[in-house]
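K.L.:
Take a look at model.txt, compact mmCIF, C-alpha atoms and all ligand atoms:
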```txt
# COMPACT_ATOMS: atom_id res chain seq x y z
CA MET A 121 -5.73 -11.25 -14.56
CA THR A 122 -7.51 -8.73 -12.33
CA ALA A 123 -5.68 -6.41 -9.98
CA LEU A 124 -6.57 -7.07 -6.35
CA LEU A 125 -4.35 -4.30 -4.97
CA GLU A 126 -3.16 -1.21 -6.82
CA VAL A 127 -0.68 1.16 -5.21
CA GLU A 128 -0.32 4.35 -7.22
CA ASP A 129 2.27 7.09 -6.73
CA LEU A 130 2.37 6.50 -2.98
CA SER A 131 4.53 8.82 -0.87
CA VAL A 132 4.97 8.44 2.88
CA ALA A 133 7.11 10.53 5.22
CA TYR A 134 8.12 10.46 8.88
CA GLY A 135 8.38 14.21 9.49
CA ALA A 136 11.15 15.37 7.18
CA ILE A 137 12.24 11.81 6.27
CA GLU A 138 10.73 10.71 2.97
CA ALA A 139 10.58 6.94 3.38
CA VAL A 140 8.46 6.14 0.30
CA ARG A 141 8.58 8.28 -2.83
CA ASN A 142 6.02 7.80 -5.57
CA ILE A 143 5.91 4.03 -5.32
CA SER A 144 3.54 2.23 -7.72
CA PHE A 145 2.86 -1.47 -8.02
CA THR A 146 0.07 -3.96 -8.57
CA VAL A 147 -0.81 -7.27 -6.96
CA ASP A 148 -2.97 -9.47 -9.16
CA GLU A 149 -5.51 -11.87 -7.70
CA GLY A 150 -3.98 -15.25 -6.86
CA GLN A 151 -0.36 -14.15 -7.19
CA ILE A 152 2.61 -14.07 -4.86
CA VAL A 153 4.15 -10.62 -5.29
CA CYS A 154 7.40 -9.74 -3.60
CA LEU A 155 9.08 -6.46 -2.70
CA ILE A 156 12.84 -6.77 -2.25
CA GLY A 157 15.38 -4.07 -1.49
CA ALA A 158 18.09 -2.89 0.85
CA ASN A 159 17.57 -2.04 4.52
CA GLY A 160 15.68 1.21 4.86
CA ALA A 161 14.35 1.13 1.28
CA GLY A 162 10.77 1.73 2.45
CA LYS A 163 9.24 -1.75 2.22
CA THR A 164 7.87 -1.96 5.78
CA THR A 165 6.57 1.60 5.53
CA THR A 166 4.69 0.63 2.37
CA LEU A 167 2.99 -2.36 4.07
CA ARG A 168 2.11 -0.30 7.15
CA THR A 169 0.52 2.34 4.93
CA ILE A 170 -1.53 -0.25 3.03
CA SER A 171 -2.76 -1.55 6.43
CA GLY A 172 -3.89 1.93 7.46
CA LEU A 173 -1.32 2.20 10.28
CA LEU A 174 0.37 5.15 8.54
CA ARG A 175 -1.19 7.85 6.38
CA PRO A 176 0.41 8.65 3.03
CA ARG A 177 1.45 12.15 2.06
CA ALA A 178 0.26 11.51 -1.49
CA GLY A 179 -1.01 8.74 -3.74
CA ASP A 180 -3.78 6.19 -3.75
CA ILE A 181 -4.25 2.59 -2.62
CA ARG A 182 -7.07 0.62 -4.23
CA PHE A 183 -8.31 -2.79 -3.13
CA ARG A 184 -10.77 -4.59 -5.39
CA GLY A 185 -11.14 -1.36 -7.35
CA GLN A 186 -12.08 0.83 -4.35
CA SER A 187 -9.83 3.39 -2.72
CA ILE A 188 -8.89 2.37 0.83
CA THR A 189 -6.38 5.18 1.34
CA ALA A 190 -8.46 7.01 3.93
CA LEU A 191 -9.98 4.00 5.72
CA PRO A 192 -9.11 3.14 9.34
CA ALA A 193 -6.99 0.03 9.97
CA HIS A 194 -9.85 -2.09 11.34
CA SER A 195 -11.95 -1.49 8.20
CA ILE A 196 -9.01 -2.46 5.98
CA LEU A 197 -8.60 -5.67 7.99
CA SER A 198 -12.29 -6.56 7.90
CA GLY A 199 -12.31 -5.65 4.20
CA GLY A 200 -9.85 -8.47 3.49
CA ILE A 201 -6.23 -7.35 4.01
CA ALA A 202 -4.23 -8.96 6.84
CA HIS A 203 -0.70 -8.05 7.88
CA SER A 204 1.87 -10.22 9.61
CA PRO A 205 4.34 -7.57 10.84
CA GLU A 206 8.12 -7.59 10.87
CA GLY A 207 9.61 -9.08 14.02
CA ARG A 208 6.66 -11.43 14.68
CA ARG A 209 5.05 -9.42 17.49
CA VAL A 210 2.98 -12.24 18.96
CA PHE A 211 1.46 -11.69 22.39
CA ALA A 212 3.97 -13.53 24.57
CA ARG A 213 1.77 -13.92 27.65
CA MET A 214 -1.18 -15.27 25.73
CA THR A 215 -1.60 -18.83 24.55
CA VAL A 216 -1.41 -19.93 20.94
CA GLU A 217 -5.18 -20.18 20.82
CA GLU A 218 -5.69 -16.71 22.34
CA ASN A 219 -3.27 -15.23 19.81
CA LEU A 220 -5.16 -16.91 16.97
CA LEU A 221 -8.52 -15.71 18.30
CA LEU A 222 -7.21 -12.14 18.37
CA GLY A 223 -6.53 -12.44 14.65
CA ALA A 224 -10.25 -13.12 14.18
CA TYR A 225 -11.45 -10.15 16.23
CA THR A 226 -13.35 -8.58 13.34
CA ARG A 227 -15.39 -11.79 12.82
CA THR A 228 -18.46 -13.11 14.59
CA ASP A 229 -18.98 -16.48 12.83
CA GLN A 230 -17.94 -18.84 15.65
CA ALA A 231 -18.12 -22.03 13.56
CA GLY A 232 -15.99 -20.45 10.83
CA ILE A 233 -13.46 -19.23 13.39
CA ALA A 234 -13.17 -22.74 14.91
CA ALA A 235 -12.72 -24.22 11.42
CA ASP A 236 -9.97 -21.72 10.65
CA ILE A 237 -8.15 -22.50 13.90
CA ARG A 238 -8.19 -26.16 12.78
CA ARG A 239 -6.88 -25.12 9.36
CA VAL A 240 -3.99 -23.15 10.88
CA CYS A 241 -3.15 -26.10 13.14
CA GLU A 242 -3.12 -28.46 10.15
CA LEU A 243 -0.80 -26.13 8.30
CA PHE A 244 1.47 -25.75 11.36
CA PRO A 245 1.06 -28.91 13.47
CA VAL A 246 3.30 -27.55 16.24
CA LEU A 247 0.69 -24.87 16.94
CA GLY A 248 -2.01 -27.49 17.35
CA GLU A 249 0.14 -29.63 19.65
CA ARG A 250 0.95 -26.64 21.86
CA ARG A 251 -2.31 -24.78 21.52
CA ASN A 252 -2.63 -23.98 25.25
CA GLN A 253 0.96 -22.93 25.81
CA LYS A 254 2.04 -19.32 26.12
CA ALA A 255 3.47 -17.93 22.88
CA GLY A 256 6.48 -16.43 24.69
CA LEU A 257 7.85 -19.96 25.24
CA PHE A 258 8.07 -20.62 21.52
CA SER A 259 11.18 -20.47 19.32
CA GLY A 260 11.59 -17.70 16.75
CA GLY A 261 10.39 -19.94 13.93
CA GLU A 262 7.38 -21.15 15.91
CA GLN A 263 6.45 -17.56 16.75
CA GLN A 264 6.71 -16.73 13.06
CA MET A 265 4.27 -19.55 12.28
CA LEU A 266 1.93 -18.16 14.90
CA ALA A 267 2.18 -14.65 13.47
CA ILE A 268 1.28 -15.97 10.01
CA GLY A 269 -1.50 -18.12 11.48
CA ARG A 270 -2.91 -15.15 13.36
CA ALA A 271 -2.96 -13.07 10.16
CA MET A 272 -4.77 -15.94 8.38
CA MET A 273 -7.50 -15.91 11.03
CA SER A 274 -9.19 -12.87 9.49
CA ARG A 275 -9.60 -15.03 6.35
CA PRO A 276 -7.90 -12.40 4.19
CA ARG A 277 -8.11 -12.05 0.42
CA LEU A 278 -4.66 -10.47 0.62
CA LEU A 279 -2.07 -11.59 3.16
CA MET A 280 0.90 -9.26 3.65
CA LEU A 281 3.98 -10.86 5.21
CA ASP A 282 6.85 -8.65 6.36
CA GLU A 283 10.15 -10.56 6.47
CA PRO A 284 8.75 -13.94 7.49
CA SER A 285 12.20 -15.56 7.30
CA MET A 286 13.94 -13.04 9.56
CA GLY A 287 16.23 -14.79 12.04
CA LEU A 288 15.17 -18.29 11.00
CA SER A 289 17.32 -21.30 10.17
CA PRO A 290 17.44 -22.45 6.52
CA ILE A 291 15.15 -25.41 7.33
CA MET A 292 12.60 -23.21 9.08
CA THR A 293 12.81 -20.67 6.25
CA GLN A 294 12.06 -23.42 3.75
CA LEU A 295 9.05 -24.51 5.79
CA ILE A 296 7.69 -20.95 5.88
CA PHE A 297 8.20 -20.54 2.12
CA ASP A 298 6.53 -23.91 1.42
CA THR A 299 3.59 -22.70 3.52
CA ILE A 300 3.36 -19.46 1.57
CA ARG A 301 3.08 -21.53 -1.63
CA GLU A 302 0.40 -23.68 0.00
CA LEU A 303 -1.58 -20.59 1.03
CA GLN A 304 -1.47 -19.43 -2.56
CA GLN A 305 -2.87 -22.79 -3.65
CA GLN A 306 -5.68 -22.22 -1.13
CA GLU A 307 -6.49 -19.02 -3.03
CA THR A 308 -4.89 -16.43 -0.81
CA THR A 309 -3.05 -13.66 -2.62
CA ILE A 310 0.28 -12.82 -1.00
CA LEU A 311 2.32 -9.62 -0.80
CA LEU A 312 5.71 -10.55 0.60
CA VAL A 313 8.54 -8.33 1.82
CA GLU A 314 11.84 -10.18 2.12
CA GLN A 315 15.55 -9.68 2.72
CA ASN A 316 16.11 -13.24 1.57
CA ALA A 317 15.96 -12.21 -2.08
CA LEU A 318 17.03 -15.58 -3.47
CA ALA A 319 14.21 -17.55 -1.84
CA ALA A 320 11.65 -14.79 -2.36
CA LEU A 321 12.35 -14.33 -6.08
CA ALA A 322 12.22 -18.09 -6.63
CA LEU A 323 8.74 -18.07 -5.12
CA ALA A 324 7.31 -14.84 -6.54
CA ASP A 325 5.09 -14.65 -9.60
CA HIS A 326 6.06 -11.01 -9.80
CA ALA A 327 8.59 -8.91 -7.92
CA TYR A 328 9.58 -5.29 -7.50
CA VAL A 329 12.95 -3.96 -6.40
CA VAL A 330 12.54 -1.02 -4.03
CA ASP A 331 15.43 1.40 -3.70
CA LEU A 332 15.34 4.64 -1.71
CA GLY A 333 11.56 4.60 -1.57
CA GLN A 334 11.00 3.92 -5.28
CA THR A 335 10.55 0.85 -7.45
CA THR A 336 13.51 0.59 -9.79
CA LEU A 337 13.00 -2.78 -11.48
CA SER A 338 10.13 -5.21 -11.78
CA GLY A 339 9.28 -8.45 -13.52
CA PRO A 340 8.52 -12.11 -12.96
CA GLY A 341 10.51 -13.48 -10.00
CA HIS A 342 12.55 -15.83 -12.20
CA ASP A 343 13.49 -13.01 -14.58
CA LEU A 344 14.75 -10.85 -11.72
CA LEU A 345 16.69 -13.81 -10.33
CA ALA A 346 18.58 -13.92 -13.62
CA ASP A 347 19.04 -10.12 -13.88
CA GLU A 348 22.68 -9.14 -13.44
CA ARG A 349 21.84 -5.89 -11.60
CA VAL A 350 19.73 -7.81 -9.07
CA ARG A 351 22.36 -10.51 -8.69
CA ALA A 352 25.06 -7.94 -8.02
CA ALA A 353 23.06 -5.79 -5.61
CA TYR A 354 20.95 -8.28 -3.69
CA LEU A 355 22.31 -11.76 -4.18
CA GLY A 356 25.99 -10.91 -3.68
CA GLN A 357 26.86 -12.35 -7.08
CA GLY A 358 28.44 -9.87 -9.46
P1 LIG B 401 14.31 -3.12 6.38
O1 LIG B 401 14.50 -4.09 5.28
O2 LIG B 401 15.60 -2.73 7.05
O3 LIG B 401 13.22 -3.47 7.34
P2 LIG B 401 12.55 -1.29 4.93
O4 LIG B 401 12.75 -1.32 3.45
O5 LIG B 401 11.41 -2.04 5.47
O6 LIG B 401 13.89 -1.72 5.67
P3 LIG B 401 11.45 1.01 6.30
O7 LIG B 401 11.44 0.35 7.64
O8 LIG B 401 10.18 1.21 5.60
O9 LIG B 401 12.47 0.25 5.33
O10 LIG B 401 12.20 2.41 6.47
C1 LIG B 401 12.29 3.38 5.41
C2 LIG B 401 12.98 4.64 5.92
O11 LIG B 401 12.15 5.26 6.90
C3 LIG B 401 14.31 4.40 6.61
O12 LIG B 401 15.16 5.46 6.27
C4 LIG B 401 13.97 4.42 8.09
O13 LIG B 401 15.07 4.85 8.86
C5 LIG B 401 12.83 5.42 8.13
N1 LIG B 401 11.89 5.14 9.23
C6 LIG B 401 11.20 3.99 9.42
N2 LIG B 401 10.40 4.07 10.50
C7 LIG B 401 10.56 5.32 11.00
C8 LIG B 401 10.01 6.04 12.11
N3 LIG B 401 9.11 5.49 12.91
N4 LIG B 401 10.44 7.31 12.31
C9 LIG B 401 11.36 7.88 11.49
N5 LIG B 401 11.92 7.25 10.43
C10 LIG B 401 11.54 6.01 10.18
```
I'd like the structure from this file rewritten - as structure tokens, please.
Ligand code: ATP

P.N.:
Amino acid sequence: MTALLEVEDLSVAYGAIEAVRNISFTVDEGQIVCLIGANGAGKTTTLRTISGLLRPRAGDIRFRGQSITALPAHSILSGGIAHSPEGRRVFARMTVEENLLLGAYTRTDQAGIAADIRRVCELFPVLGERRNQKAGLFSGGEQQMLAIGRAMMSRPRLLMLDEPSMGLSPIMTQLIFDTIRELQQQETTILLVEQNALAALALADHAYVVDLGQTTLSGPGHDLLADERVRAAYLGQG
């Protein structure tokens, strides 16, 4: 398998606070890779640094074999990495369609953009039915679907999802996780950050446990699900 994304010895700080310390991991083409870990472990910071929203203090990020560490965020997006941020962050006063179009702002192929809007609406029918409604009227789960749909609109090779199940009911969470699996089948590689370790590990081809800014354990999702240390620390089963 070829590595799509390689993160090597990445360190990121907010002033004196070292949020990420020498983190290294790999995302292979076609896989769902998950980062799990406690609150404040550095997962969101890692995704924001990959997106070019934060600059690392040290380390390298390679995408398709090329370093992207110094690239601006818009080049990283147009190069094939999309990011659905924590807390949804849809544009509440814009319609579903306007939100989706914003996700395609680096593209100029109008026919392709229209086809991808149709694809998002097939994946999430509620978005198609309420295409002209303002996003602020939507429920948390519906806004999450829109945030994922918007990230898909750049037609990414790598889709990064930060806590897509946050605040959602079990049924809605299941729907989001089923969709992540479907996206993988449509040849999108996924890097997932999740608090819901049980669901995420069941889905992940490979997972890394992040603790205090470092990866402490890694392996296939099912292996980590069975690991006693993971069960005690993250699944509340000791
Ligand atoms: P969670 O699961 O709670 O979202 P996380 O693993 O995503 O946590 P981060 O949000 O990356 O963790 O935070 C890592 C560390 O960096 C924490 O100690 C946090 O308090 C700190 N931190 C995050 N954002 C900032 C910021 N803008 N300024 C200062 N410190 C920050």

K.L.:
Can you work out which residues are within 9 Å of ligand LIG 401 (chain B), considering all atoms listed in the file, and then hand them over as a PyMOL selection string?

P.N.:
chain A and resi 132-140+155-168+206+282-283+313-315+330-333

K.L.:
Which residue out of A:Glu128, A:Asp325, A:Asp298, A:Glu242 has the minimum interatomic distance to Ile152 of chain A when only C-alpha atoms are used?

P.N.:
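For Ile152 of chain A, the nearest of the given residues is A:Asp325.
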
K.L.:
Which residue out of A:Ser171, A:Asn252, A:Asn142, A:Gln264 has the minimum interatomic distance to Gly200 of chain A when all atoms listed in the file are used?

P.N.:
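Under the stated criterion, the closest residue is A:Ser171.
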
K.L.:
Name all residues at most 10 Å from Ile300 of chain A (count all atoms listed in the file; drop same-chain ones fewer than 3 positions away) and give them as a ChimeraX atom specification.

P.N.:
/A:152,268,279,281,284,294-297,303-306,308-310,312,323

K.L.:
Calculated over all atoms listed in the file, which of the candidates A:Ala322, A:Ala267, A:Leu124, A:Cys154 has the smallest distance to Phe211 of chain A?

P.N.:
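Looking only at the distances to Phe211 of chain A, the closest residue turns out to be A:Ala267.
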
K.L.:
How far is it from atom CA of Ile143 of chain A to atom CA of Val127 of chain A, in Å with one decimal?

P.N.:
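Atom-to-atom, atom CA of Ile143 of chain A and atom CA of Val127 of chain A are spaced 7.2 Å apart.
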
K.L.:
Rank nothing, just name the residue among A:Gly150, A:Pro276, A:Gly341, A:Pro192 nearest to Ala224 of chain A, using only C-alpha atoms.

P.N.:
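So, comparing all the options, the nearest one is A:Pro276.
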
K.L.:
How far is it from atom CA of Met273 of chain A to atom CA of Tyr225 of chain A, in Å with one decimal?

P.N.:
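Distance between the two atoms: 8.7 Å.
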
K.L.:
Please provide as a PDB file with C-alpha atoms, in the frame of the given file all residues within 9 Å of Met292 of chain A, with the sequence filter that same-chain residues fewer than 5 positions apart are discarded (counting all atoms listed in the file).

P.N.:
```
ATOM      1  CA  GLY A 261      10.390 -19.940  13.930  1.00  0.00           C
ATOM      2  CA  GLU A 262       7.380 -21.150  15.910  1.00  0.00           C
ATOM      3  CA  SER A 285      12.200 -15.560   7.300  1.00  0.00           C
ATOM      4  CA  PHE A 297       8.200 -20.540   2.120  1.00  0.00           C
TER       5      PHE A 297
END
```

K.L.:
Write out as a list in words the residues lying within 9 Å of Leu243 of chain A, counting all atoms listed in the file and excluding same-chain residues fewer than 5 positions away.

P.N.:
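In the requested form, the answer reads Arg238, Gly269, Thr299 and Glu302 of chain A.
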
K.L.:
When you count all atoms listed in the file, which of these residues is closest to Gly199 of chain A: A:Leu288, A:Leu247, A:Phe183, A:Thr146?

P.N.:
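Distance minimum relative to Gly199 of chain A lands on A:Phe183.
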
K.L.:
Give the answer as one residue: which of A:Gln186, A:Gln263, A:Ser195, A:Asn219 has the shortest atom-to-atom distance to Gly172 of chain A, using only C-alpha atoms?

P.N.:
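For Gly172 of chain A, the nearest of the given residues is A:Ser195.
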
K.L.:
Between atom CA of Ser144 of chain A and atom CA of Asp129 of chain A, what distance in Å does the model show, to one decimal?

P.N.:
5.1 Å

K.L.:
Please list as a VMD selection string every residue within 8 Å of segment 212-217 of chain A, counting only C-alpha atoms and excluding residues in the same chain fewer than 4 positions away.

P.N.:
chain A and resid 221 237 247 250 to 257 266

K.L.:
Kindly save the residues from that selection, with C-alpha atoms included, as an mmCIF file, in the coordinates of the input.

P.N.:
```cif
data_model
loop_
_atom_site.group_PDB
_atom_site.id
_atom_site.type_symbol
_atom_site.label_atom_id
_atom_site.label_comp_id
_atom_site.auth_asym_id
_atom_site.auth_seq_id
_atom_site.Cartn_x
_atom_site.Cartn_y
_atom_site.Cartn_z
ATOM 1 C CA LEU A 221 -8.520 -15.710 18.300
ATOM 2 C CA ILE A 237 -8.150 -22.500 13.900
ATOM 3 C CA LEU A 247 0.690 -24.870 16.940
ATOM 4 C CA ARG A 250 0.950 -26.640 21.860
ATOM 5 C CA ARG A 251 -2.310 -24.780 21.520
ATOM 6 C CA ASN A 252 -2.630 -23.980 25.250
ATOM 7 C CA GLN A 253 0.960 -22.930 25.810
ATOM 8 C CA LYS A 254 2.040 -19.320 26.120
ATOM 9 C CA ALA A 255 3.470 -17.930 22.880
ATOM 10 C CA GLY A 256 6.480 -16.430 24.690
ATOM 11 C CA LEU A 257 7.850 -19.960 25.240
ATOM 12 C CA LEU A 266 1.930 -18.160 14.900
#
```

K.L.:
Enumerate, as an MDAnalysis selection string, the protein, DNA and RNA residues whose atoms approach (3.7, 13.9, -1.1) to within 8 Å, taking into account all atoms listed in the file and the coordinate frame of the file.

P.N.:
chainID A and resid 130:133 141:142 176:179

K.L.:
Please provide as a PyMOL selection string all residues within 6 Å of His326 of chain A, with the sequence filter that same-chain residues fewer than 4 positions apart are discarded (counting all atoms listed in the file).

P.N.:
chain A and resi 153+339-341
